[in-house]
Amino acid sequence: MKFGIIKEGKIPTDKRVVFSPNALNKFKNTYPEAELFVESSDIRVFSDQAYNDAGFEVTNDITNCDILFGVKEVPVEQLIPNKTYFFFSHTIKKQPYNKQLLQACIAKNITLIDHETLIDQNNVRLIGFGRYAGIVGAYNTMRAFGIKYELFSLVKAEKLGSKKDLIERLKKPFMPPVKIVLTGTGKVGMGAKELLDDVGYKMVNIDKFLNNDFDEPVYVQLDVQDYYRRKDGKTASKLDFITNPNDYESDFEKFSQVADIVIAGHFYKDGSPKIITKEMLNAPLNQVKVIGDISCDINGPIDSTLRSSTIEEPFYGYYPRENKEVSLDHPAAITVMAVDNLPCELPKDASEGFGEMFLENVIPAFFNGDKDEILKRATICTSGKLTERFSYLQDYIEN
């Protein structure tokens with residue numbers, strides 16, 4: 001079986017890769033029967049020479065490979081017919097901007113496996129960049145606070161080499177005794193928590209966060225049942241919310257009245273109620289000054305996320321009274337960070353972590369007959385048609 005790492009073709013460019021040279025070495029040592037190739041790239045965080053030095057063939061032609069690994073969407077014109085591709089396709093939610101991509105995969109008899117659809121028997125995702133989105137997102141949010149109040153000016157994460165560098169930079173400036181709300185307990189939320197802990201910010205429980213003053217930066221981490229409540233007053237639970245989201249409404253305002261900063265790393269499902277509304281942010285008692293929306297769901301649970309921002313221009317101002325974007329220096333502006341490709345700012349760390357997960361959780365399926373049906377569950381289309389699991393996308397590709 002021949003495996004190839006493709007050059008990322010999407011613009012703007014992405015330096016990440018599925019397997020670092022070290023991970024590819026581990027791949028080869030574990031499965032010596034595998035043939036591994038690397039498409040030449042001048043943008044990848046690991047150079048062609050690094051792969052050559054590790055003993056792998058770097059080539060401009062990977063048409064001989066059966067399985068092709070990428071990170072972001074492959075431009076339609078670069079798709080090679082009759083291959084199996086792994087990449088983030090951003091099609092499973094019927095994203096209109098990628099309809100043509102899925103149509104092309106079907107037309108070209110491509111087997112498409114989306115990194116996002118690689119799950120175990122319990123529907124738990126096996127791989128992803130969520131941890132690094134959380135780490136970089138938390139750093140960027142604190143950077144936004146420093147800029148807003150002209151307290152300190154942190155260098156962009158993309159200019160630094162690793163998570164360790166982010167921590168060292170964030171430890172240096174004086175941070176006033178701010179209160180930070182962190183939503184989410186998944187990979188994104190735990191990545192953000194990891195950074196806050198490593199920098200030395202203190203975690204407190206909900207009661208203390210809501211009712212106490214502190215002489216140091218503190219944060220509280222919330223899950224679904226903490227920021228939503230049942231409309232009928234019954235006890236809220238995460239499992240019940242997942243099953244009955246329409247029975248819930250936001251209970252976040254008690255936090256917006258005491259928090260200076262919100263870092264949003266929660267999972268959001270279409271149809272779920274709002275978490276932070278423009279009315280909360282426009283209320284006289286609102287204290288929130290900076291919102292780092294790592295989840296970045298446009299028209300989703302956080303009204304201040306009017307659009308995604310970019311690594312180049314990560315911040316914009318939000319004016320809750322009129323629910324519109326304003327300049328960062330507007331006197332009533334809340335600063336919003338809503339970058340939707342945060343792991344790109346730590347390409348080396350993110351790639352190394354992603355490759356380790358892929359080797360452990362996915363690659364064995366190619367050599368054990370896919371006994372746990374990891375590949376089968378994750379396949380969106382094959383043999384010129386959608387698989388049964390993803391047949392709900394039929395109207396998406398036809399209309």
# chains A, B, ... in the order shown; residues from 1 in each chain; ligands from 1

$ closest_atom_pairs --of "range 40-108 of chain A" --to "range 382-391 of chain A" --cutoff "9 Å" --atoms "only C-alpha atoms" --output "Markdown table"
| residue | atom | partner | partner_atom | distance |
| --- | --- | --- | --- | --- |
| A:Asn82 | CA | A:Ser383 | CA | 8.5 |
| A:Thr84 | CA | A:Thr382 | CA | 8.5 |
| A:Ile92 | CA | A:Phe390 | CA | 7.8 |
| A:Cys105 | CA | A:Gly384 | CA | 7.8 |
| A:Ile106 | CA | A:Gly384 | CA | 4.5 |
| A:Ala107 | CA | A:Gly384 | CA | 6.1 |
| A:Lys108 | CA | A:Gly384 | CA | 7.2 |

$ select_by_dssp --residues "range 7-115 of chain A" --states "alpha helix (DSSP H)" --output "JSON, numbers by chain"
{"A": [21, 22, 23, 24, 25, 26, 27, 28, 29, 30, 48, 49, 50, 51, 52, 53, 99, 100, 101, 102, 103, 104, 105, 106, 107]}

$ closest_atom_pairs --of "range 220-247 of chain A" --to "range 261-266 of chain A" --cutoff "10 Å" --atoms "only C-alpha atoms" --output "tab-separated table"
residue	atom	partner	partner_atom	distance
A:Val220	CA	A:Val262	CA	9.9
A:Gln221	CA	A:Ile263	CA	9.5
A:Leu222	CA	A:His266	CA	8.8
A:Asp223	CA	A:His266	CA	7.7
A:Val224	CA	A:His266	CA	8.2

$ atom_distance --atom1 "CA of Lys179 in chain A" --atom2 "CA of Tyr219 in chain A"
5.7 Å

$ residues_around --residues "range 66-79 of chain A" --least-positions-apart "2" --cutoff "10 Å" --atoms "only C-alpha atoms" --output "ChimeraX atom specification"
/A:1-11,13-19,35-39,62-64,81-91,98,100-105,108,110-115,351

$ residues_around --residues "Ile135 in chain A" --least-positions-apart "6" --cutoff "6 Å" --atoms "only C-alpha atoms" --output "ChimeraX atom specification"
/A:191-192,195

$ select_by_dssp --residues "range 186-232 of chain A" --states "strand (DSSP E)" --output "list of chain:residue names"
A:Lys202, A:Met203, A:Val218, A:Tyr219, A:Val220, A:Gln221, A:Leu222, A:Tyr228, A:Arg229, A:Arg230

$ closest_atom_pairs --of "range 123-224 of chain A" --to "range 284-289 of chain A" --cutoff "12 Å" --atoms "only C-alpha atoms" --output "JSON lines"
{"residue": "A:Thr141", "atom": "CA", "partner": "A:Lys289", "partner_atom": "CA", "distance": 10.8}
{"residue": "A:Met142", "atom": "CA", "partner": "A:Lys289", "partner_atom": "CA", "distance": 11.3}
{"residue": "A:Ala144", "atom": "CA", "partner": "A:Lys289", "partner_atom": "CA", "distance": 9.9}
{"residue": "A:Phe145", "atom": "CA", "partner": "A:Lys289", "partner_atom": "CA", "distance": 7.9}
{"residue": "A:Gly146", "atom": "CA", "partner": "A:Lys289", "partner_atom": "CA", "distance": 11.3}
{"residue": "A:Ile147", "atom": "CA", "partner": "A:Lys289", "partner_atom": "CA", "distance": 11.8}
{"residue": "A:Lys148", "atom": "CA", "partner": "A:Lys289", "partner_atom": "CA", "distance": 8.7}
{"residue": "A:Tyr149", "atom": "CA", "partner": "A:Lys289", "partner_atom": "CA", "distance": 9.9}
{"residue": "A:Val178", "atom": "CA", "partner": "A:Val288", "partner_atom": "CA", "distance": 10.4}
{"residue": "A:Lys179", "atom": "CA", "partner": "A:Val288", "partner_atom": "CA", "distance": 9.4}
{"residue": "A:Ile180", "atom": "CA", "partner": "A:Val288", "partner_atom": "CA", "distance": 9.2}
{"residue": "A:Val181", "atom": "CA", "partner": "A:Val288", "partner_atom": "CA", "distance": 9.7}

$ write_last_selection --atoms "N, CA and C atoms" --output "short mmCIF file (atom, residue, chain, number, x, y, z; two decimals), in the first residue's frame"
data_model
loop_
_atom_site.label_atom_id
_atom_site.label_comp_id
_atom_site.auth_asym_id
_atom_site.auth_seq_id
_atom_site.Cartn_x
_atom_site.Cartn_y
_atom_site.Cartn_z
N THR A 141 -6.67 35.73 23.04
CA THR A 141 -7.66 36.48 23.81
C THR A 141 -6.98 37.35 24.85
N MET A 142 -5.96 36.82 25.51
CA MET A 142 -5.23 37.63 26.48
C MET A 142 -4.44 38.73 25.78
N ALA A 144 -5.46 40.24 23.13
CA ALA A 144 -6.47 41.25 22.82
C ALA A 144 -6.74 42.16 24.01
N PHE A 145 -6.78 41.56 25.21
CA PHE A 145 -7.02 42.36 26.42
C PHE A 145 -5.89 43.36 26.62
N GLY A 146 -4.66 42.91 26.44
CA GLY A 146 -3.52 43.80 26.61
C GLY A 146 -3.54 44.95 25.63
N ILE A 147 -3.93 44.68 24.40
CA ILE A 147 -3.98 45.73 23.38
C ILE A 147 -5.12 46.70 23.68
N LYS A 148 -6.28 46.17 24.06
CA LYS A 148 -7.45 47.02 24.30
C LYS A 148 -7.16 48.08 25.36
N TYR A 149 -6.48 47.68 26.42
CA TYR A 149 -6.24 48.60 27.53
C TYR A 149 -4.82 49.16 27.53
N VAL A 178 -8.16 40.13 36.68
CA VAL A 178 -9.33 39.95 35.82
C VAL A 178 -10.04 38.64 36.15
N LYS A 179 -11.30 38.59 35.78
CA LYS A 179 -12.09 37.37 35.89
C LYS A 179 -12.36 36.85 34.48
N ILE A 180 -12.05 35.57 34.27
CA ILE A 180 -12.14 34.96 32.95
C ILE A 180 -13.12 33.81 32.99
N VAL A 181 -14.07 33.79 32.06
CA VAL A 181 -14.97 32.65 31.89
C VAL A 181 -14.48 31.83 30.71
#

$ residues_around --residues "Pro273 in chain A" --least-positions-apart "5" --cutoff "12 Å" --atoms "only C-alpha atoms" --output "PyMOL selection string"
chain A and resi 224+227-231+241-242+244-252+268+299-303

$ atom_distance --atom1 "CA of Lys94 in chain A" --atom2 "CA of Ser308 in chain A"
18.3 Å

$ atom_distance --atom1 "CA of Val204 in chain A" --atom2 "CA of Pro320 in chain A"
28.5 Å

$ residues_around --residues "Gly134 in chain A" --least-positions-apart "6" --cutoff "12 Å" --atoms "only C-alpha atoms" --output "PyMOL selection string"
chain A and resi 128+140-141+163+182-196+263-266+292-296+339-343+345-346+350

$ decode --residues "range 260-274 of chain A" --atoms "N, CA, C and O atoms" --output "mmCIF file, in the first residue's frame"
data_model
loop_
_atom_site.group_PDB
_atom_site.id
_atom_site.type_symbol
_atom_site.label_atom_id
_atom_site.label_comp_id
_atom_site.auth_asym_id
_atom_site.auth_seq_id
_atom_site.Cartn_x
_atom_site.Cartn_y
_atom_site.Cartn_z
ATOM 1 N N ASP A 260 -14.666 39.784 33.081
ATOM 2 C CA ASP A 260 -14.018 40.747 32.193
ATOM 3 C C ASP A 260 -13.759 40.150 30.811
ATOM 4 O O ASP A 260 -13.810 40.843 29.796
ATOM 5 N N ILE A 261 -13.467 38.857 30.791
ATOM 6 C CA ILE A 261 -13.045 38.172 29.571
ATOM 7 C C ILE A 261 -13.818 36.867 29.428
ATOM 8 O O ILE A 261 -14.019 36.156 30.417
ATOM 9 N N VAL A 262 -14.236 36.557 28.214
ATOM 10 C CA VAL A 262 -14.856 35.269 27.916
ATOM 11 C C VAL A 262 -14.012 34.559 26.859
ATOM 12 O O VAL A 262 -13.683 35.136 25.818
ATOM 13 N N ILE A 263 -13.664 33.310 27.145
ATOM 14 C CA ILE A 263 -12.997 32.449 26.164
ATOM 15 C C ILE A 263 -13.969 31.324 25.846
ATOM 16 O O ILE A 263 -14.299 30.519 26.720
ATOM 17 N N ALA A 264 -14.449 31.279 24.614
ATOM 18 C CA ALA A 264 -15.499 30.330 24.236
ATOM 19 C C ALA A 264 -14.901 29.140 23.509
ATOM 20 O O ALA A 264 -14.413 29.267 22.394
ATOM 21 N N GLY A 265 -14.948 27.979 24.161
ATOM 22 C CA GLY A 265 -14.419 26.760 23.564
ATOM 23 C C GLY A 265 -15.415 25.628 23.582
ATOM 24 O O GLY A 265 -15.057 24.464 23.504
ATOM 25 N N HIS A 266 -16.708 25.981 23.639
ATOM 26 C CA HIS A 266 -17.770 24.989 23.749
ATOM 27 C C HIS A 266 -18.101 24.374 22.396
ATOM 28 O O HIS A 266 -17.775 24.915 21.342
ATOM 29 N N PHE A 267 -18.784 23.239 22.442
ATOM 30 C CA PHE A 267 -19.368 22.637 21.240
ATOM 31 C C PHE A 267 -20.760 23.199 21.063
ATOM 32 O O PHE A 267 -21.517 23.342 22.017
ATOM 33 N N TYR A 268 -21.092 23.531 19.807
ATOM 34 C CA TYR A 268 -22.417 24.083 19.521
ATOM 35 C C TYR A 268 -23.065 23.304 18.394
ATOM 36 O O TYR A 268 -22.440 23.037 17.372
ATOM 37 N N LYS A 269 -24.307 22.914 18.585
ATOM 38 C CA LYS A 269 -25.062 22.197 17.566
ATOM 39 C C LYS A 269 -26.131 23.119 17.003
ATOM 40 O O LYS A 269 -26.789 23.864 17.744
ATOM 41 N N ASP A 270 -26.310 23.114 15.694
ATOM 42 C CA ASP A 270 -27.349 23.941 15.074
ATOM 43 C C ASP A 270 -28.683 23.706 15.768
ATOM 44 O O ASP A 270 -29.086 22.568 16.025
ATOM 45 N N GLY A 271 -29.361 24.810 16.082
ATOM 46 C CA GLY A 271 -30.647 24.707 16.749
ATOM 47 C C GLY A 271 -30.578 24.882 18.244
ATOM 48 O O GLY A 271 -31.622 25.030 18.902
ATOM 49 N N SER A 272 -29.373 24.871 18.803
ATOM 50 C CA SER A 272 -29.229 25.105 20.238
ATOM 51 C C SER A 272 -29.502 26.579 20.545
ATOM 52 O O SER A 272 -29.316 27.447 19.690
ATOM 53 N N PRO A 273 -29.927 26.884 21.770
ATOM 54 C CA PRO A 273 -30.208 28.282 22.112
ATOM 55 C C PRO A 273 -28.936 29.116 22.208
ATOM 56 O O PRO A 273 -27.825 28.591 22.323
ATOM 57 N N LYS A 274 -29.111 30.420 22.148
ATOM 58 C CA LYS A 274 -27.996 31.350 22.308
ATOM 59 C C LYS A 274 -27.368 31.167 23.694
ATOM 60 O O LYS A 274 -28.019 30.750 24.640
#
